[in-house]
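Colleague: Just my_file-v7.cif, nothing more (mmCIF, C-alpha atoms and all ligand atoms):
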```cif
data_data
#
loop_
_atom_site.group_PDB
_atom_site.id
_atom_site.type_symbol
_atom_site.label_atom_id
_atom_site.label_comp_id
_atom_site.auth_asym_id
_atom_site.auth_seq_id
_atom_site.Cartn_x
_atom_site.Cartn_y
_atom_site.Cartn_z
ATOM 1 C CA MET A 139 113.351 -33.139 -161.895
ATOM 2 C CA SER A 140 111.858 -35.510 -159.258
ATOM 3 C CA THR A 141 109.770 -34.044 -156.466
ATOM 4 C CA LYS A 142 111.777 -33.947 -153.218
ATOM 5 C CA ILE A 143 109.723 -34.598 -150.092
ATOM 6 C CA LEU A 144 110.407 -34.120 -146.358
ATOM 7 C CA ILE A 145 108.240 -35.982 -143.847
ATOM 8 C CA ILE A 146 108.404 -34.535 -140.325
ATOM 9 C CA GLY A 147 107.201 -37.081 -137.768
ATOM 10 C CA ALA A 148 107.972 -40.028 -140.053
ATOM 11 C CA CYS A 149 108.107 -42.510 -137.165
ATOM 12 C CA GLY A 150 104.523 -41.900 -136.043
ATOM 13 C CA GLN A 151 101.342 -43.897 -136.739
ATOM 14 C CA ILE A 152 100.688 -42.217 -140.118
ATOM 15 C CA GLY A 153 104.284 -41.221 -140.846
ATOM 16 C CA THR A 154 105.648 -44.767 -140.965
ATOM 17 C CA GLU A 155 103.244 -45.931 -143.665
ATOM 18 C CA LEU A 156 103.270 -42.588 -145.470
ATOM 19 C CA THR A 157 107.067 -42.789 -145.776
ATOM 20 C CA HIS A 158 106.944 -46.215 -147.434
ATOM 21 C CA SER A 159 104.091 -45.256 -149.754
ATOM 22 C CA LEU A 160 105.719 -41.992 -150.883
ATOM 23 C CA ARG A 161 109.052 -43.738 -151.450
ATOM 24 C CA LYS A 162 107.342 -46.263 -153.749
ATOM 25 C CA ILE A 163 105.919 -43.378 -155.826
ATOM 26 C CA TYR A 164 108.731 -40.789 -155.807
ATOM 27 C CA GLY A 165 111.792 -42.984 -155.245
ATOM 28 C CA THR A 166 113.498 -43.748 -151.945
ATOM 29 C CA ASP A 167 116.199 -41.094 -152.252
ATOM 30 C CA ASN A 168 113.607 -38.375 -152.990
ATOM 31 C CA VAL A 169 111.743 -38.865 -149.708
ATOM 32 C CA ILE A 170 113.608 -37.698 -146.603
ATOM 33 C CA ALA A 171 112.123 -39.119 -143.400
ATOM 34 C CA SER A 172 112.714 -37.238 -140.149
ATOM 35 C CA ASP A 173 111.738 -37.397 -136.513
ATOM 36 C CA ILE A 174 112.874 -36.240 -133.057
ATOM 37 C CA ARG A 175 114.648 -39.568 -132.544
ATOM 38 C CA LYS A 176 115.255 -42.787 -134.462
ATOM 39 C CA LEU A 177 111.965 -44.216 -133.218
ATOM 40 C CA ASN A 178 111.259 -46.756 -135.969
ATOM 41 C CA ASN A 179 114.080 -48.924 -137.323
ATOM 42 C CA ASP A 180 112.179 -49.830 -140.478
ATOM 43 C CA VAL A 181 111.777 -46.163 -141.421
ATOM 44 C CA VAL A 182 115.301 -45.223 -140.306
ATOM 45 C CA ASN A 183 116.959 -48.055 -142.236
ATOM 46 C CA SER A 184 114.869 -47.984 -145.429
ATOM 47 C CA GLY A 185 116.089 -44.663 -146.858
ATOM 48 C CA PRO A 186 117.330 -41.143 -146.054
ATOM 49 C CA PHE A 187 116.578 -40.278 -142.391
ATOM 50 C CA GLU A 188 117.368 -37.131 -140.404
ATOM 51 C CA VAL A 189 116.938 -36.453 -136.683
ATOM 52 C CA ILE A 190 115.298 -33.030 -136.283
ATOM 53 C CA ASN A 191 113.109 -31.262 -133.773
ATOM 54 C CA ALA A 192 109.838 -30.121 -135.362
ATOM 55 C CA LEU A 193 110.033 -27.080 -133.070
ATOM 56 C CA ASP A 194 113.421 -25.952 -134.426
ATOM 57 C CA PHE A 195 112.829 -23.696 -137.448
ATOM 58 C CA ASN A 196 116.542 -23.501 -138.320
ATOM 59 C CA GLN A 197 116.880 -27.309 -138.396
ATOM 60 C CA ILE A 198 113.871 -27.629 -140.736
ATOM 61 C CA GLU A 199 115.053 -24.744 -142.942
ATOM 62 C CA HIS A 200 118.539 -26.306 -143.173
ATOM 63 C CA LEU A 201 117.110 -29.686 -144.256
ATOM 64 C CA VAL A 202 114.921 -27.975 -146.857
ATOM 65 C CA GLU A 203 117.983 -26.196 -148.301
ATOM 66 C CA VAL A 204 120.391 -29.160 -148.158
ATOM 67 C CA HIS A 205 117.932 -31.614 -149.729
ATOM 68 C CA LYS A 206 116.246 -29.040 -152.022
ATOM 69 C CA ILE A 207 112.821 -30.004 -150.645
ATOM 70 C CA ASP A 208 109.697 -29.204 -152.704
ATOM 71 C CA GLU A 209 106.985 -30.564 -150.400
ATOM 72 C CA ILE A 210 106.642 -31.107 -146.634
ATOM 73 C CA TYR A 211 104.262 -33.494 -144.880
ATOM 74 C CA LEU A 212 104.112 -32.327 -141.244
ATOM 75 C CA MET A 213 102.920 -35.381 -139.286
ATOM 76 C CA ALA A 214 104.374 -34.573 -135.856
ATOM 77 C CA ALA A 215 101.783 -33.900 -133.124
ATOM 78 C CA LEU A 216 100.602 -34.938 -129.700
ATOM 79 C CA LEU A 217 97.301 -36.856 -130.023
ATOM 80 C CA SER A 218 94.195 -36.379 -127.910
ATOM 81 C CA ALA A 219 94.797 -38.462 -124.792
ATOM 82 C CA THR A 220 98.499 -37.590 -124.515
ATOM 83 C CA ALA A 221 97.777 -33.905 -125.097
ATOM 84 C CA GLU A 222 95.353 -33.814 -122.160
ATOM 85 C CA LYS A 223 98.228 -34.907 -119.892
ATOM 86 C CA ASN A 224 100.590 -32.196 -121.210
ATOM 87 C CA PRO A 225 98.512 -29.289 -122.589
ATOM 88 C CA ALA A 226 101.307 -26.694 -122.783
ATOM 89 C CA PHE A 227 103.676 -28.921 -124.739
ATOM 90 C CA ALA A 228 100.844 -30.199 -126.936
ATOM 91 C CA TRP A 229 99.904 -26.637 -127.899
ATOM 92 C CA ASP A 230 103.563 -25.733 -128.489
ATOM 93 C CA LEU A 231 104.327 -28.777 -130.650
ATOM 94 C CA ASN A 232 101.051 -28.873 -132.595
ATOM 95 C CA MET A 233 101.011 -25.123 -133.345
ATOM 96 C CA ASN A 234 104.608 -23.918 -133.618
ATOM 97 C CA SER A 235 105.694 -26.781 -135.857
ATOM 98 C CA LEU A 236 102.871 -25.709 -138.201
ATOM 99 C CA PHE A 237 103.953 -22.053 -138.150
ATOM 100 C CA HIS A 238 107.502 -23.093 -139.075
ATOM 101 C CA VAL A 239 106.431 -24.920 -142.219
ATOM 102 C CA LEU A 240 103.774 -22.344 -143.161
ATOM 103 C CA ASN A 241 106.448 -19.648 -142.949
ATOM 104 C CA LEU A 242 108.844 -21.675 -145.099
ATOM 105 C CA ALA A 243 106.069 -21.947 -147.698
ATOM 106 C CA LYS A 244 105.266 -18.226 -147.372
ATOM 107 C CA ALA A 245 108.957 -17.465 -148.021
ATOM 108 C CA GLY A 246 108.817 -19.601 -151.162
ATOM 109 C CA LYS A 247 111.271 -22.168 -149.790
ATOM 110 C CA ILE A 248 108.814 -25.053 -150.330
ATOM 111 C CA LYS A 249 106.067 -25.382 -152.956
ATOM 112 C CA LYS A 250 103.417 -27.442 -151.168
ATOM 113 C CA LEU A 251 102.496 -28.496 -147.624
ATOM 114 C CA PHE A 252 100.348 -31.246 -146.102
ATOM 115 C CA TRP A 253 99.092 -30.834 -142.544
ATOM 116 C CA PRO A 254 96.822 -33.367 -140.760
ATOM 117 C CA SER A 255 93.724 -32.182 -138.973
ATOM 118 C CA SER A 256 91.223 -34.411 -137.202
ATOM 119 C CA ILE A 257 87.561 -34.937 -136.414
ATOM 120 C CA ALA A 258 88.717 -33.768 -132.988
ATOM 121 C CA VAL A 259 88.049 -30.213 -134.246
ATOM 122 C CA PHE A 260 84.381 -30.939 -133.552
ATOM 123 C CA GLY A 261 82.999 -30.789 -130.014
ATOM 124 C CA PRO A 262 80.011 -31.730 -127.844
ATOM 125 C CA THR A 263 77.780 -29.048 -129.471
ATOM 126 C CA THR A 264 78.488 -30.304 -133.003
ATOM 127 C CA PRO A 265 75.722 -32.368 -134.699
ATOM 128 C CA LYS A 266 76.885 -35.949 -134.038
ATOM 129 C CA GLU A 267 75.526 -37.832 -137.060
ATOM 130 C CA ASN A 268 76.757 -37.055 -140.602
ATOM 131 C CA THR A 269 78.696 -34.098 -139.231
ATOM 132 C CA PRO A 270 78.909 -31.575 -142.091
ATOM 133 C CA GLN A 271 82.033 -29.859 -143.423
ATOM 134 C CA TYR A 272 80.768 -26.514 -142.091
ATOM 135 C CA THR A 273 79.110 -26.609 -138.659
ATOM 136 C CA ILE A 274 79.462 -25.694 -134.999
ATOM 137 C CA MET A 275 83.014 -26.401 -133.836
ATOM 138 C CA GLU A 276 83.633 -26.046 -130.072
ATOM 139 C CA PRO A 277 86.364 -28.648 -129.419
ATOM 140 C CA SER A 278 86.785 -29.492 -125.742
ATOM 141 C CA THR A 279 90.241 -31.108 -125.937
ATOM 142 C CA VAL A 280 93.677 -29.490 -126.202
ATOM 143 C CA TYR A 281 94.310 -31.574 -129.311
ATOM 144 C CA GLY A 282 91.028 -30.475 -130.902
ATOM 145 C CA ILE A 283 91.625 -26.815 -130.064
ATOM 146 C CA SER A 284 95.093 -26.994 -131.621
ATOM 147 C CA LYS A 285 93.727 -28.648 -134.765
ATOM 148 C CA GLN A 286 90.888 -26.125 -135.093
ATOM 149 C CA SER A 287 93.383 -23.243 -134.693
ATOM 150 C CA GLY A 288 95.734 -24.887 -137.160
ATOM 151 C CA GLU A 289 92.968 -25.107 -139.745
ATOM 152 C CA ARG A 290 92.280 -21.386 -139.391
ATOM 153 C CA TRP A 291 95.979 -20.554 -139.885
ATOM 154 C CA CYS A 292 96.266 -22.861 -142.926
ATOM 155 C CA GLU A 293 93.339 -21.102 -144.603
ATOM 156 C CA TYR A 294 94.750 -17.677 -143.621
ATOM 157 C CA TYR A 295 98.199 -18.450 -145.094
ATOM 158 C CA HIS A 296 96.542 -19.698 -148.289
ATOM 159 C CA ASN A 297 94.243 -16.699 -148.662
ATOM 160 C CA ILE A 298 96.722 -13.988 -147.655
ATOM 161 C CA PHE A 299 100.091 -15.387 -148.800
ATOM 162 C CA GLY A 300 99.034 -17.891 -151.486
ATOM 163 C CA VAL A 301 100.505 -20.871 -149.611
ATOM 164 C CA ASP A 302 99.503 -24.205 -151.190
ATOM 165 C CA VAL A 303 98.605 -26.062 -147.980
ATOM 166 C CA ARG A 304 96.278 -29.079 -148.032
ATOM 167 C CA SER A 305 94.696 -30.843 -145.084
ATOM 168 C CA ILE A 306 92.415 -33.711 -144.084
ATOM 169 C CA ARG A 307 90.346 -34.164 -140.910
ATOM 170 C CA TYR A 308 91.372 -37.761 -140.232
ATOM 171 C CA PRO A 309 88.946 -39.955 -138.287
ATOM 172 C CA GLY A 310 90.366 -42.616 -135.985
ATOM 173 C CA LEU A 311 93.033 -44.508 -137.933
ATOM 174 C CA ILE A 312 93.744 -48.206 -137.655
ATOM 175 C CA SER A 313 96.926 -49.910 -138.860
ATOM 176 C CA TYR A 314 98.988 -52.986 -138.119
ATOM 177 C CA SER A 315 102.375 -51.414 -138.744
ATOM 178 C CA SER A 316 102.613 -49.236 -135.625
ATOM 179 C CA PRO A 317 101.540 -49.945 -132.035
ATOM 180 C CA PRO A 318 98.560 -48.131 -130.449
ATOM 181 C CA GLY A 319 99.562 -44.559 -129.557
ATOM 182 C CA GLY A 320 98.158 -41.744 -127.454
ATOM 183 C CA GLY A 321 94.890 -41.501 -129.309
ATOM 184 C CA THR A 322 91.416 -42.035 -127.927
ATOM 185 C CA THR A 323 90.523 -44.060 -131.017
ATOM 186 C CA ASP A 324 93.554 -46.301 -130.509
ATOM 187 C CA TYR A 325 91.418 -48.836 -128.638
ATOM 188 C CA ALA A 326 90.529 -49.977 -132.157
ATOM 189 C CA VAL A 327 94.208 -50.786 -132.780
ATOM 190 C CA ASP A 328 94.984 -52.329 -129.389
ATOM 191 C CA ILE A 329 91.949 -54.633 -129.564
ATOM 192 C CA PHE A 330 93.508 -56.541 -132.467
ATOM 193 C CA HIS A 331 96.849 -57.010 -130.687
ATOM 194 C CA LYS A 332 95.110 -58.228 -127.502
ATOM 195 C CA ALA A 333 92.684 -60.464 -129.423
ATOM 196 C CA LEU A 334 95.652 -62.322 -130.883
ATOM 197 C CA SER A 335 97.862 -62.363 -127.762
ATOM 198 C CA ASP A 336 95.291 -62.704 -124.946
ATOM 199 C CA LYS A 337 91.988 -63.617 -126.664
ATOM 200 C CA THR A 338 90.396 -60.881 -124.525
ATOM 201 C CA TYR A 339 90.453 -57.073 -124.378
ATOM 202 C CA GLU A 340 89.575 -54.583 -121.649
ATOM 203 C CA CYS A 341 88.214 -51.553 -123.545
ATOM 204 C CA PHE A 342 88.747 -48.055 -122.092
ATOM 205 C CA LEU A 343 85.531 -46.848 -123.764
ATOM 206 C CA SER A 344 81.943 -47.947 -123.188
ATOM 207 C CA SER A 345 80.451 -50.582 -125.486
ATOM 208 C CA GLU A 346 78.230 -48.305 -127.610
ATOM 209 C CA THR A 347 80.754 -45.476 -128.207
ATOM 210 C CA LYS A 348 80.352 -44.968 -131.950
ATOM 211 C CA MET A 349 83.210 -43.119 -133.687
ATOM 212 C CA PRO A 350 84.292 -42.432 -137.274
ATOM 213 C CA MET A 351 87.178 -44.716 -138.249
ATOM 214 C CA MET A 352 89.341 -45.491 -141.274
ATOM 215 C CA TYR A 353 91.852 -48.157 -142.271
ATOM 216 C CA MET A 354 95.359 -46.744 -142.704
ATOM 217 C CA ASP A 355 95.568 -47.860 -146.353
ATOM 218 C CA ASP A 356 92.625 -45.574 -147.125
ATOM 219 C CA ALA A 357 94.087 -42.698 -145.084
ATOM 220 C CA ILE A 358 97.416 -42.915 -146.925
ATOM 221 C CA ALA A 359 95.662 -43.063 -150.299
ATOM 222 C CA ALA A 360 93.603 -39.977 -149.406
ATOM 223 C CA THR A 361 96.711 -38.100 -148.249
ATOM 224 C CA ILE A 362 98.589 -38.767 -151.485
ATOM 225 C CA ASN A 363 95.423 -38.170 -153.536
ATOM 226 C CA ILE A 364 94.817 -34.685 -152.094
ATOM 227 C CA MET A 365 98.487 -33.731 -152.526
ATOM 228 C CA GLN A 366 98.593 -34.861 -156.162
ATOM 229 C CA ALA A 367 95.282 -33.233 -157.089
ATOM 230 C CA PRO A 368 95.494 -30.115 -159.312
ATOM 231 C CA LEU A 369 95.350 -26.985 -157.122
ATOM 232 C CA GLU A 370 92.111 -25.869 -158.775
ATOM 233 C CA GLU A 371 90.366 -28.981 -157.401
ATOM 234 C CA ILE A 372 91.230 -28.025 -153.800
ATOM 235 C CA LYS A 373 88.380 -25.716 -152.843
ATOM 236 C CA ILE A 374 88.941 -25.972 -149.059
ATOM 237 C CA HIS A 375 92.275 -24.915 -147.553
ATOM 238 C CA SER A 376 91.284 -25.265 -143.887
ATOM 239 C CA SER A 377 90.759 -29.035 -143.859
ATOM 240 C CA TYR A 378 88.482 -31.579 -145.562
ATOM 241 C CA ASN A 379 86.100 -33.892 -143.716
ATOM 242 C CA LEU A 380 87.013 -37.491 -144.556
ATOM 243 C CA ALA A 381 85.167 -40.696 -143.676
ATOM 244 C CA ALA A 382 85.051 -44.414 -144.382
ATOM 245 C CA MET A 383 83.120 -46.178 -141.619
ATOM 246 C CA SER A 384 81.808 -45.745 -138.068
ATOM 247 C CA PHE A 385 81.545 -48.473 -135.467
ATOM 248 C CA THR A 386 81.257 -49.166 -131.736
ATOM 249 C CA PRO A 387 83.490 -51.384 -129.574
ATOM 250 C CA THR A 388 80.636 -53.916 -129.574
ATOM 251 C CA GLU A 389 80.633 -54.006 -133.388
ATOM 252 C CA ILE A 390 84.396 -54.377 -133.847
ATOM 253 C CA ALA A 391 84.487 -57.065 -131.156
ATOM 254 C CA ALA A 392 81.741 -59.002 -132.967
ATOM 255 C CA GLU A 393 83.699 -58.765 -136.236
ATOM 256 C CA ILE A 394 86.861 -60.057 -134.522
ATOM 257 C CA LYS A 395 84.871 -62.946 -132.995
ATOM 258 C CA LYS A 396 84.052 -64.142 -136.532
ATOM 259 C CA HIS A 397 87.801 -64.905 -136.837
ATOM 260 C CA ILE A 398 88.613 -65.675 -133.161
ATOM 261 C CA PRO A 399 85.416 -67.235 -131.700
ATOM 262 C CA GLU A 400 86.839 -67.400 -128.183
ATOM 263 C CA PHE A 401 87.572 -63.664 -128.097
ATOM 264 C CA THR A 402 85.880 -61.717 -125.269
ATOM 265 C CA ILE A 403 85.713 -57.998 -124.438
ATOM 266 C CA THR A 404 85.115 -56.165 -121.155
ATOM 267 C CA TYR A 405 84.543 -52.428 -120.627
ATOM 268 C CA GLU A 406 86.290 -50.120 -118.140
ATOM 269 C CA PRO A 407 85.737 -46.552 -119.401
ATOM 270 C CA ASP A 408 88.386 -44.073 -118.276
ATOM 271 C CA PHE A 409 89.139 -40.342 -118.913
ATOM 272 C CA ARG A 410 89.132 -41.004 -122.635
ATOM 273 C CA GLN A 411 85.364 -41.655 -122.584
ATOM 274 C CA LYS A 412 84.705 -37.915 -122.158
ATOM 275 C CA ILE A 413 86.964 -37.180 -125.135
ATOM 276 C CA ALA A 414 85.198 -39.762 -127.310
ATOM 277 C CA ASP A 415 81.759 -38.492 -126.259
ATOM 278 C CA SER A 416 82.721 -35.012 -127.489
ATOM 279 C CA TRP A 417 83.380 -36.225 -131.035
ATOM 280 C CA PRO A 418 80.989 -37.016 -133.919
ATOM 281 C CA ALA A 419 79.617 -40.502 -134.466
ATOM 282 C CA SER A 420 79.714 -40.194 -138.268
ATOM 283 C CA ILE A 421 81.036 -37.710 -140.842
ATOM 284 C CA ASP A 422 79.692 -36.255 -144.121
ATOM 285 C CA ASP A 423 82.666 -36.104 -146.491
ATOM 286 C CA HIS A 424 80.883 -35.410 -149.790
ATOM 287 C CA GLN A 425 83.030 -32.328 -150.509
ATOM 288 C CA ALA A 426 86.223 -34.422 -150.608
ATOM 289 C CA ARG A 427 84.492 -36.974 -152.841
ATOM 290 C CA GLU A 428 83.256 -34.234 -155.195
ATOM 291 C CA ASP A 429 86.333 -31.960 -155.217
ATOM 292 C CA TRP A 430 89.241 -34.400 -155.585
ATOM 293 C CA GLY A 431 87.697 -37.832 -156.071
ATOM 294 C CA TRP A 432 88.085 -39.301 -152.608
ATOM 295 C CA ASN A 433 86.660 -42.801 -152.236
ATOM 296 C CA HIS A 434 87.329 -45.285 -149.453
ATOM 297 C CA LYS A 435 87.960 -49.018 -150.053
ATOM 298 C CA TYR A 436 87.899 -50.665 -146.605
ATOM 299 C CA ASP A 437 84.908 -51.323 -144.355
ATOM 300 C CA LEU A 438 84.829 -53.003 -140.916
ATOM 301 C CA GLU A 439 84.751 -56.510 -142.390
ATOM 302 C CA THR A 440 87.623 -56.112 -144.872
ATOM 303 C CA MET A 441 89.727 -54.092 -142.410
ATOM 304 C CA THR A 442 89.342 -56.718 -139.668
ATOM 305 C CA LYS A 443 90.369 -59.513 -142.022
ATOM 306 C CA ASP A 444 93.430 -57.573 -143.245
ATOM 307 C CA MET A 445 94.482 -56.501 -139.747
ATOM 308 C CA LEU A 446 94.336 -60.028 -138.308
ATOM 309 C CA GLU A 447 96.110 -61.540 -141.331
ATOM 310 C CA ASN A 448 98.989 -59.053 -141.104
ATOM 311 C CA LEU A 449 99.303 -59.034 -137.311
ATOM 312 C CA SER A 450 99.280 -62.839 -137.226
ATOM 313 C CA LYS A 451 102.393 -62.813 -139.411
ATOM 314 C CA SER A 452 104.261 -60.588 -136.942
ATOM 315 C CA GLU A 453 102.836 -61.522 -133.495
HETATM 316 C C1 LIG B 1 93.188 -39.481 -131.506
HETATM 317 N N1 LIG B 1 93.696 -40.952 -133.376
HETATM 318 O O1 LIG B 1 92.489 -40.382 -131.052
HETATM 319 C C2 LIG B 1 93.544 -39.545 -132.991
HETATM 320 C C3 LIG B 1 92.471 -38.950 -133.865
HETATM 321 C C4 LIG B 1 90.044 -38.624 -134.278
HETATM 322 C C5 LIG B 1 91.087 -39.009 -133.302
HETATM 323 O O2 LIG B 1 92.789 -37.646 -134.241
HETATM 324 O O3 LIG B 1 93.603 -38.562 -130.827
#
```
If you took the structure in this file and wrote it as structure tokens, what would it be?

Modeller:
Amino acid sequence: MSTKILIIGACGQIGTELTHSLRKIYGTDNVIASDIRKLNNDVVNSGPFEVINALDFNQIEHLVEVHKIDEIYLMAALLSATAEKNPAFAWDLNMNSLFHVLNLAKAGKIKKLFWPSSIAVFGPTTPKENTPQYTIMEPSTVYGISKQSGERWCEYYHNIFGVDVRSIRYPGLISYSSPPGGGTTDYAVDIFHKALSDKTYECFLSSETKMPMMYMDDAIAATINIMQAPLEEIKIHSSYNLAAMSFTPTEIAAEIKKHIPEFTITYEPDFRQKIADSWPASIDDHQAREDWGWNHKYDLETMTKDMLENLSKSE
């Protein structure tokens, strides 16, 4: 029997690419995409799609029963910058959607669950360079607090109820297939669009703000890798540190200039600077590499080349 998968939040930055990648592996009809609205035509029109509210337990439970779902990837959340503007809804969406799917797993209605965490679980008191898997975690954003709490609940449901939940602390993610969203790291997406359209970019962070980043192809590979790994390889059921590269706005601008010599960047830090300053500059992810064979492929140079090539086709 083929594995049946439900992706909640399939129209988001990760969800769009995750949907296509999972459909290539498991078959289009075995991967049900869902979101609060039909927000991405490509996802909606490329296979089974359902409109559901991630906060409605009965809607999720009904889909699981109708489609005989084995695994859920819960990708719906409010990201850091957006969450700061709407803390109550961010907490509600990020936490209660997780409880719904954890409880479905606890009841034996699904076999396996993926839930995305983030380097946002770390805060200003966390060691900034090569941030370890286990360290001080005092997140100072609503998003980070929700992700830290979510990690604790994932580990609790695994330890107490035997739920097979797996999670990754994503760094900033960069892709060409969805527009920049409400993330603080999304300057690193917008800069490519503006470099091609305007040949200049006004960055909302200061020039030397170094943050951990990853190309979406690597993030999708890691997500599928951790879900396909034998359970005995998954030693951490809160969430795994994951890393690929770290760079500053100055460094990504210089890499873009190698392809677009006339490109210029200016800096106008806004409220997102404080968020970025609270996060690590680089991450130690050796546990993921040891436990389930994680290994990144893209660095700043190869990501920049791939981003500009793909965006140039669509801009
Ligand atoms: C954000 N892209 O900026 C997300 C990410 C590490 C940051 O979780 O909110």

Colleague: Write out as a list of chain:residue names which residues come within 6 Å of stretch 350-366 of chain A when counting only C-alpha atoms, dropping same-chain ones fewer than 2 positions away.

Modeller: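 So, after excluding close chain neighbours, the residues are A:Pro309, A:Gly310, A:Leu311, A:Ile312, A:Ser313, A:Ala382, A:Met383, A:Ser384, A:Ala419, A:Ser420, A:His434.
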
Colleague: Mind listing the residues within 8 Å of ligand LIG 1 (chain B), all atoms listed in the file counted, as an MDAnalysis selection string?

Modeller: chainID A and resid 216:219 255:258 281 307:311 319:324 350:351 417

Colleague: If the PyMOL selection byres (((chain A and resi 400) around 12) and not hetatm) were run on this exact file, what residues would it hold? Put them as a list of chain:residue names.

Modeller: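 Taken over the shown coordinates, the PyMOL selection byres (((chain A and resi 400) around 12) and not hetatm) returns A:Ala333, A:Leu334, A:Asp336, A:Lys337, A:Thr338, A:Tyr339, A:Ala391, A:Ala392, A:Ile394, A:Lys395, A:Lys396, A:His397, A:Ile398, A:Pro399, A:Phe401, A:Thr402, A:Ile403.
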
Colleague: For the residues selected in the previous step, produce a file with C-alpha atoms as a JSON list (two decimals), keeping the file's coordinate frame.

Modeller:
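This is the output file part_15.json:
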```json
[["chain", "number", "residue", "atom", "x", "y", "z"],
["A", 333, "ALA", "CA", 92.68, -60.46, -129.42],
["A", 334, "LEU", "CA", 95.65, -62.32, -130.88],
["A", 336, "ASP", "CA", 95.29, -62.70, -124.95],
["A", 337, "LYS", "CA", 91.99, -63.62, -126.66],
["A", 338, "THR", "CA", 90.40, -60.88, -124.52],
["A", 339, "TYR", "CA", 90.45, -57.07, -124.38],
["A", 391, "ALA", "CA", 84.49, -57.06, -131.16],
["A", 392, "ALA", "CA", 81.74, -59.00, -132.97],
["A", 394, "ILE", "CA", 86.86, -60.06, -134.52],
["A", 395, "LYS", "CA", 84.87, -62.95, -133.00],
["A", 396, "LYS", "CA", 84.05, -64.14, -136.53],
["A", 397, "HIS", "CA", 87.80, -64.90, -136.84],
["A", 398, "ILE", "CA", 88.61, -65.68, -133.16],
["A", 399, "PRO", "CA", 85.42, -67.24, -131.70],
["A", 401, "PHE", "CA", 87.57, -63.66, -128.10],
["A", 402, "THR", "CA", 85.88, -61.72, -125.27],
["A", 403, "ILE", "CA", 85.71, -58.00, -124.44]]
```

Colleague: With the file shown as input, list the residues that the PyMOL selection byres (((chain A and resi 380) around 6) and not hetatm) selects, as an MDAnalysis selection string.

Modeller: chainID A and resid 307 379 381 423

Colleague: For the structure provided, state which residues fall under the PyMOL selection byres (((chain A and resi 302) around 7) and not hetatm), and present them as number ranges by chain.

Modeller: A: 249-251, 296, 300-301, 303-304

Colleague: Give me the residues within 9 Å of stretch 267-279 of chain A as JSON, numbers by chain, counting only C-alpha atoms and dropping any in the same chain fewer than 2 places off.

Modeller: {"A": [218, 219, 221, 222, 258, 259, 260, 261, 262, 263, 264, 265, 281, 282, 283, 284, 286, 377, 378, 379, 413, 416, 417, 418, 419, 420, 421, 422, 423, 424, 425]}

Colleague: Could you check the closest approach to A:Asp415 for each of A:Val327, A:Lys266, A:Val280, A:Pro387 and tell me which residue wins, using only C-alpha atoms?

Modeller: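 The answer is A:Lys266, which sits nearest to A:Asp415.
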